[in-house]
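Next comes structure_21.tsv, with TSV, C-alpha atoms.
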chain	number	residue	atom	x	y	z
A	290	MET	CA	63.93	36.85	18.75
A	291	SER	CA	64.41	33.07	18.61
A	292	LYS	CA	64.48	31.07	21.81
A	293	GLU	CA	67.40	29.05	23.11
A	294	PRO	CA	67.32	25.45	21.75
A	295	GLU	CA	66.94	23.89	25.21
A	296	VAL	CA	64.03	26.21	26.04
A	297	ARG	CA	62.29	25.29	22.79
A	298	LYS	CA	62.97	21.60	23.39
A	299	GLN	CA	61.33	21.73	26.80
A	300	GLU	CA	58.33	23.56	25.32
A	301	ILE	CA	57.90	20.68	22.88
A	302	VAL	CA	58.18	18.15	25.69
A	303	GLN	CA	55.59	19.99	27.79
A	304	ALA	CA	53.17	20.35	24.87
A	305	ALA	CA	53.52	16.67	24.01
A	306	LYS	CA	52.95	15.71	27.64
A	307	ASP	CA	49.78	17.81	27.81
A	308	LEU	CA	48.46	16.35	24.55
A	309	PHE	CA	49.26	12.76	25.52
A	310	ASN	CA	47.25	13.34	28.69
A	311	GLU	CA	44.38	14.99	26.81
A	312	LYS	CA	44.12	12.86	23.67
A	313	GLY	CA	46.21	9.79	24.36
A	314	TYR	CA	49.56	8.92	22.82
A	315	ASP	CA	48.15	7.09	19.79
A	316	HIS	CA	45.79	9.95	18.91
A	317	THR	CA	48.43	12.67	19.12
A	318	ALA	CA	50.33	13.48	15.95
A	319	VAL	CA	53.56	15.43	15.60
A	320	SER	CA	51.49	18.06	13.79
A	321	ASP	CA	49.37	18.46	16.93
A	322	ILE	CA	52.46	19.00	19.04
A	323	VAL	CA	54.02	21.65	16.81
A	324	LYS	CA	50.67	23.42	16.47
A	325	ARG	CA	50.39	23.58	20.26
A	326	VAL	CA	53.91	25.05	20.53
A	327	GLY	CA	53.53	27.30	17.47
A	328	VAL	CA	56.58	26.09	15.54
A	329	ALA	CA	57.26	24.32	12.25
A	330	GLN	CA	57.61	20.53	12.07
A	331	GLY	CA	61.25	21.01	11.14
A	332	THR	CA	61.82	22.46	14.63
A	333	PHE	CA	60.36	19.32	16.17
A	334	TYR	CA	62.63	17.04	14.13
A	335	TYR	CA	65.64	19.18	14.99
A	336	HIS	CA	65.19	18.09	18.61
A	337	PHE	CA	63.53	14.68	18.28
A	338	ARG	CA	63.60	11.89	15.71
A	339	SER	CA	60.10	10.68	16.52
A	340	LYS	CA	57.08	11.04	18.77
A	341	GLU	CA	58.36	8.01	20.69
A	342	GLU	CA	61.58	9.86	21.49
A	343	VAL	CA	59.55	12.69	23.02
A	344	LEU	CA	57.82	10.11	25.19
A	345	ASP	CA	61.24	8.91	26.34
A	346	ALA	CA	62.14	12.51	27.25
A	347	ILE	CA	58.92	12.87	29.26
A	348	SER	CA	59.70	9.63	31.08
A	349	GLU	CA	63.24	10.80	31.78
A	350	ASN	CA	61.96	14.06	33.26
A	351	LEU	CA	59.51	12.14	35.43
A	352	LEU	CA	62.22	9.83	36.75
A	353	ASN	CA	64.57	12.73	37.43
A	354	VAL	CA	61.87	14.45	39.52
A	355	MET	CA	61.45	11.19	41.41
A	356	LYS	CA	65.23	10.90	41.93
A	357	THR	CA	65.39	14.41	43.36
A	358	SER	CA	62.68	13.52	45.88
A	359	LEU	CA	64.38	10.21	46.61
A	360	ASP	CA	67.81	11.74	47.20
A	361	GLU	CA	66.39	14.34	49.58
A	362	VAL	CA	65.59	11.41	51.86
A	363	VAL	CA	68.53	9.10	51.13
A	364	ASP	CA	71.13	11.84	51.71
A	365	ARG	CA	69.82	12.86	55.14
A	366	ALA	CA	72.44	12.21	57.80
A	367	ASP	CA	69.97	12.36	60.69
A	368	LEU	CA	67.93	9.28	59.73
A	369	SER	CA	68.53	5.55	59.97
A	370	ALA	CA	68.05	3.35	56.91
A	371	THR	CA	64.69	2.05	58.17
A	372	GLU	CA	63.48	5.60	58.86
A	373	LYS	CA	64.40	6.51	55.29
A	374	ILE	CA	62.41	3.59	53.92
A	375	PHE	CA	59.45	4.76	56.01
A	376	LEU	CA	59.68	8.22	54.41
A	377	LEU	CA	60.23	6.86	50.91
A	378	LEU	CA	57.08	4.77	51.05
A	379	SER	CA	55.24	7.88	52.22
A	380	HIS	CA	56.73	9.86	49.32
A	381	SER	CA	55.57	7.23	46.86
A	382	SER	CA	51.93	8.09	47.45
A	383	GLN	CA	52.67	11.81	47.36
A	384	PHE	CA	54.59	11.42	44.11
A	385	LYS	CA	51.53	9.96	42.40
A	386	GLU	CA	49.78	13.27	43.00
A	387	THR	CA	52.51	15.37	41.34
A	388	ASP	CA	51.72	13.99	37.87
A	389	SER	CA	48.70	11.79	38.41
A	390	GLU	CA	47.38	12.01	34.84
A	391	LEU	CA	50.70	10.98	33.34
A	392	ILE	CA	51.14	8.20	35.90
A	393	HIS	CA	47.69	6.89	35.02
A	394	PHE	CA	48.52	7.11	31.30
A	395	ILE	CA	51.73	5.12	31.77
A	396	HIS	CA	49.90	2.36	33.64
A	397	GLU	CA	47.14	1.90	31.07
A	398	GLU	CA	47.20	-1.60	29.62
A	399	ARG	CA	47.67	-0.29	26.08
A	400	ASN	CA	50.91	1.40	27.19
A	401	GLU	CA	52.48	-1.74	28.64
A	402	LEU	CA	55.64	-1.45	26.54
A	403	LEU	CA	56.12	2.15	27.65
A	404	HIS	CA	55.67	1.07	31.26
A	405	HIS	CA	58.38	-1.56	30.88
A	406	ARG	CA	60.73	0.97	29.26
A	407	ILE	CA	60.25	3.37	32.14
A	408	GLU	CA	60.82	0.63	34.72
A	409	LYS	CA	64.03	-0.42	32.98
A	410	ARG	CA	65.29	3.16	32.82
A	411	GLY	CA	64.19	3.73	36.40
A	412	MET	CA	66.43	0.91	37.59
A	413	ILE	CA	69.37	2.85	36.18
A	414	ILE	CA	68.37	6.34	37.34
A	415	LEU	CA	67.13	5.36	40.79
A	416	GLY	CA	69.24	2.27	41.43
A	417	ASN	CA	72.32	4.03	42.85
A	418	SER	CA	70.23	5.86	45.44
A	419	PHE	CA	68.61	2.64	46.63
A	420	GLN	CA	72.02	0.92	46.74
A	421	LYS	CA	73.31	3.70	48.99
A	422	LEU	CA	70.31	3.23	51.27
A	423	VAL	CA	70.74	-0.55	51.56
A	424	ARG	CA	74.48	-0.26	52.21
A	425	GLN	CA	73.69	2.13	55.07
A	426	GLY	CA	71.33	-0.43	56.57
A	427	VAL	CA	73.99	-3.15	56.29
A	428	GLU	CA	76.56	-0.90	58.00
A	429	GLU	CA	74.05	-0.23	60.78
A	430	GLY	CA	73.60	-3.99	61.23
A	431	VAL	CA	69.85	-3.82	60.56
A	432	PHE	CA	69.92	-5.26	57.03
A	433	LYS	CA	71.63	-8.61	56.67
A	434	THR	CA	72.47	-9.42	53.08
A	435	ASP	CA	75.65	-10.38	51.24
A	436	TYR	CA	74.22	-8.79	48.07
A	437	PRO	CA	73.30	-5.18	48.94
A	438	ASP	CA	73.28	-3.91	45.35
A	439	GLU	CA	71.00	-6.70	44.18
A	440	ALA	CA	68.81	-6.24	47.26
A	441	ALA	CA	68.50	-2.55	46.36
A	442	ILE	CA	67.01	-3.42	42.97
A	443	GLY	CA	64.56	-5.76	44.70
A	444	LEU	CA	63.63	-2.98	47.13
A	445	LEU	CA	63.06	-0.55	44.26
A	446	GLY	CA	60.83	-3.00	42.42
A	447	ALA	CA	58.84	-3.85	45.54
A	448	ALA	CA	58.30	-0.20	46.48
A	449	SER	CA	57.09	0.54	42.94
A	450	TRP	CA	54.72	-2.43	43.01
A	451	ILE	CA	52.83	-1.10	46.03
A	452	PHE	CA	51.38	1.90	44.23
A	453	GLN	CA	51.44	1.20	40.51
A	454	GLY	CA	48.07	1.15	38.81
A	455	HIS	CA	46.15	2.35	41.86
A	456	GLU	CA	44.37	5.65	42.38
A	457	ASN	CA	44.75	7.58	45.63
A	458	ASP	CA	41.19	6.76	46.76
A	459	GLU	CA	42.03	3.05	46.65
A	460	LEU	CA	44.87	3.24	49.14
A	461	GLU	CA	42.63	2.48	52.12
A	462	SER	CA	40.82	-0.44	50.47
A	463	PRO	CA	41.24	-3.97	51.94
A	464	GLU	CA	42.94	-5.10	48.74
A	465	MET	CA	45.47	-2.27	48.91
A	466	LYS	CA	46.15	-2.78	52.62
A	467	ARG	CA	46.87	-6.44	51.90
A	468	ARG	CA	49.16	-5.50	49.03
A	469	ILE	CA	51.08	-3.08	51.24
A	470	ALA	CA	51.41	-5.61	54.07
A	471	GLY	CA	52.52	-8.38	51.71
A	472	THR	CA	55.00	-6.18	49.88
A	473	ILE	CA	56.56	-4.94	53.12
A	474	ASP	CA	56.95	-8.56	54.20
A	475	VAL	CA	58.80	-9.21	50.93
A	476	ILE	CA	60.97	-6.10	51.47
A	477	GLU	CA	61.96	-7.31	54.94
A	478	ARG	CA	62.94	-10.69	53.49
A	479	ILE	CA	64.93	-9.07	50.67
A	480	LEU	CA	66.84	-6.91	53.15
A	481	GLY	CA	67.32	-9.74	55.65
A	482	CYS	CA	66.01	-7.69	58.54
A	483	ASP	CA	63.95	-9.02	61.43
A	484	LYS	CA	60.27	-9.48	60.72
A	485	GLY	CA	58.37	-6.39	61.81
A	486	THR	CA	61.37	-4.04	61.52
A	487	ILE	CA	59.69	-2.00	58.78
A	488	SER	CA	56.05	-3.09	59.08
A	489	LYS	CA	55.80	-1.75	62.64
A	490	MET	CA	56.75	1.68	61.31
A	491	ILE	CA	54.55	1.53	58.21
A	492	GLN	CA	51.35	0.64	60.05
A	493	ASP	CA	51.12	4.20	61.33
A	494	ILE	CA	51.30	5.80	57.85
A	495	HIS	CA	48.02	7.42	56.81
A	496	TYR	CA	47.77	7.85	53.05
A	497	SER	CA	45.64	10.66	51.76
Let me see whether you can do it: turn the structure in this file into structure tokens.
Amino acid sequence: MSKEPEVRKQEIVQAAKDLFNEKGYDHTAVSDIVKRVGVAQGTFYYHFRSKEEVLDAISENLLNVMKTSLDEVVDRADLSATEKIFLLLSHSSQFKETDSELIHFIHEERNELLHHRIEKRGMIILGNSFQKLVRQGVEEGVFKTDYPDEAAIGLLGAASWIFQGHENDELESPEMKRRIAGTIDVIERILGCDKGTISKMIQDIHYS
């Protein structure tokens, strides 16, 4: 009995993801992917035009997982905007652990173009959630900016910058602590909030 097309498509995506992690993107052929799934190459090309398109699907799945985690925080009615930023920065380190091999793969120097594609797509997928968060802070009078939507994109980029390219065991290094402190200073400037508004909360985070 044949499987539903969407089920088969996700099997291809998962197999490709596993192989990209194991062998690297450049050393994985479409023939390797279909062999792993146990289907003909025609089945692969029914769902995807190229190996690159599968990579886009993997990236999309990754960003959608991140958006789900993000929205769980942003949509909470019991937290202030600054409390949500505190939790989101905590979630960033936890998120690295959910797909650490793929995250590492994306940040390899040889995959720079892929990294840029994911960042660009991430601005679209995650941008609305960050805009909602910044608007809340403006309404609460904590964030002072005439450009909340643009500030949200800056916040997203800054939050991503803290953790990209770093392994979990580097999070307590002097270099990483300086990066976190400097990036939070930039975030406070982007949002127009008083200096120390966010950094005083972040200093008590313990990354593991």
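Here the question is which of A:Leu377, A:Leu308, A:Ile407, A:Leu368 gets nearest to Asn350 in chain A using all atoms listed in the file, and that residue is A:Ile407.
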Interatomic distance (Å, one decimal) between CA of Asp438 in chain A and CA of Arg406 in chain A: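 Atom-to-atom, CA of Asp438 in chain A and CA of Arg406 in chain A are spaced 21.0 Å apart.
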Find, counting only C-alpha atoms, the residue in A:Ser320, A:Asn310, A:Ser339, A:Ser418 that gets nearest to Val362 in chain A.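 Among A:Ser320, A:Asn310, A:Ser339, A:Ser418, it is A:Ser418 that comes nearest to Val362 in chain A.
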Could you check the closest approach to Arg424 in chain A for each of A:Ala370, A:Arg467, A:Ala447, A:Glu408 and tell me which residue wins, using only C-alpha atoms?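 Once distances to Arg424 in chain A are computed over only C-alpha atoms, the minimum belongs to A:Ala370.
Of the listed residues A:Ala304, A:Ala366, A:Leu445, A:Ile473, the one whose atoms come nearest to Lys409 in chain A is A:Leu445, with distances taken using all atoms listed in the file.
Distance-wise, CA of Leu422 in chain A and CA of Ser348 in chain A end up 23.7 Å apart.
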So how many Å separate CA of Leu359 in chain A and CA of Leu480 in chain A, to one decimal?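 Straight-line distance from CA of Leu359 in chain A to CA of Leu480 in chain A works out to 18.5 Å.
Minimum distance to Gln303 in chain A across A:His336, A:Arg325, A:Trp450, A:Ile479 (counting all atoms listed in the file) occurs at A:Arg325.
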Using all atoms listed in the file for the distances, tell me which of A:Gln420, A:Ser462, A:Gln425, A:Asn353 is nearest to Thr371 in chain A.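 Selected residue with least distance to Thr371 in chain A: A:Gln425.
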Could you pull the residues within 9 Å of Ile414 in chain A, counting only C-alpha atoms, minus those fewer than 5 positions along the same chain, as a short mmCIF file (atom, residue, chain, number, x, y, z; two decimals) with C-alpha atoms, in the frame of the given file?
data_model
loop_
_atom_site.label_atom_id
_atom_site.label_comp_id
_atom_site.auth_asym_id
_atom_site.auth_seq_id
_atom_site.Cartn_x
_atom_site.Cartn_y
_atom_site.Cartn_z
CA GLU A 349 63.24 10.80 31.78
CA LEU A 352 62.22 9.83 36.75
CA ASN A 353 64.57 12.73 37.43
CA LYS A 356 65.23 10.90 41.93
#
Residues near Val423 in chain A, cut-off 10 Å, all atoms listed in the file, skip fewer than 5 positions along chain, as a PyMOL selection string: chain A and resi 363+370-371+374+417-418+428-429+431-434+436-442+444+480
Centre and edges of the range 458-477 of chain A box, axis-aligned, 5 Å extra per side, as AutoDock Vina command-line options:
--center_x 51.4 --center_y -1.2 --center_z 50.8 --size_x 31.1 --size_y 26.0 --size_z 18.3
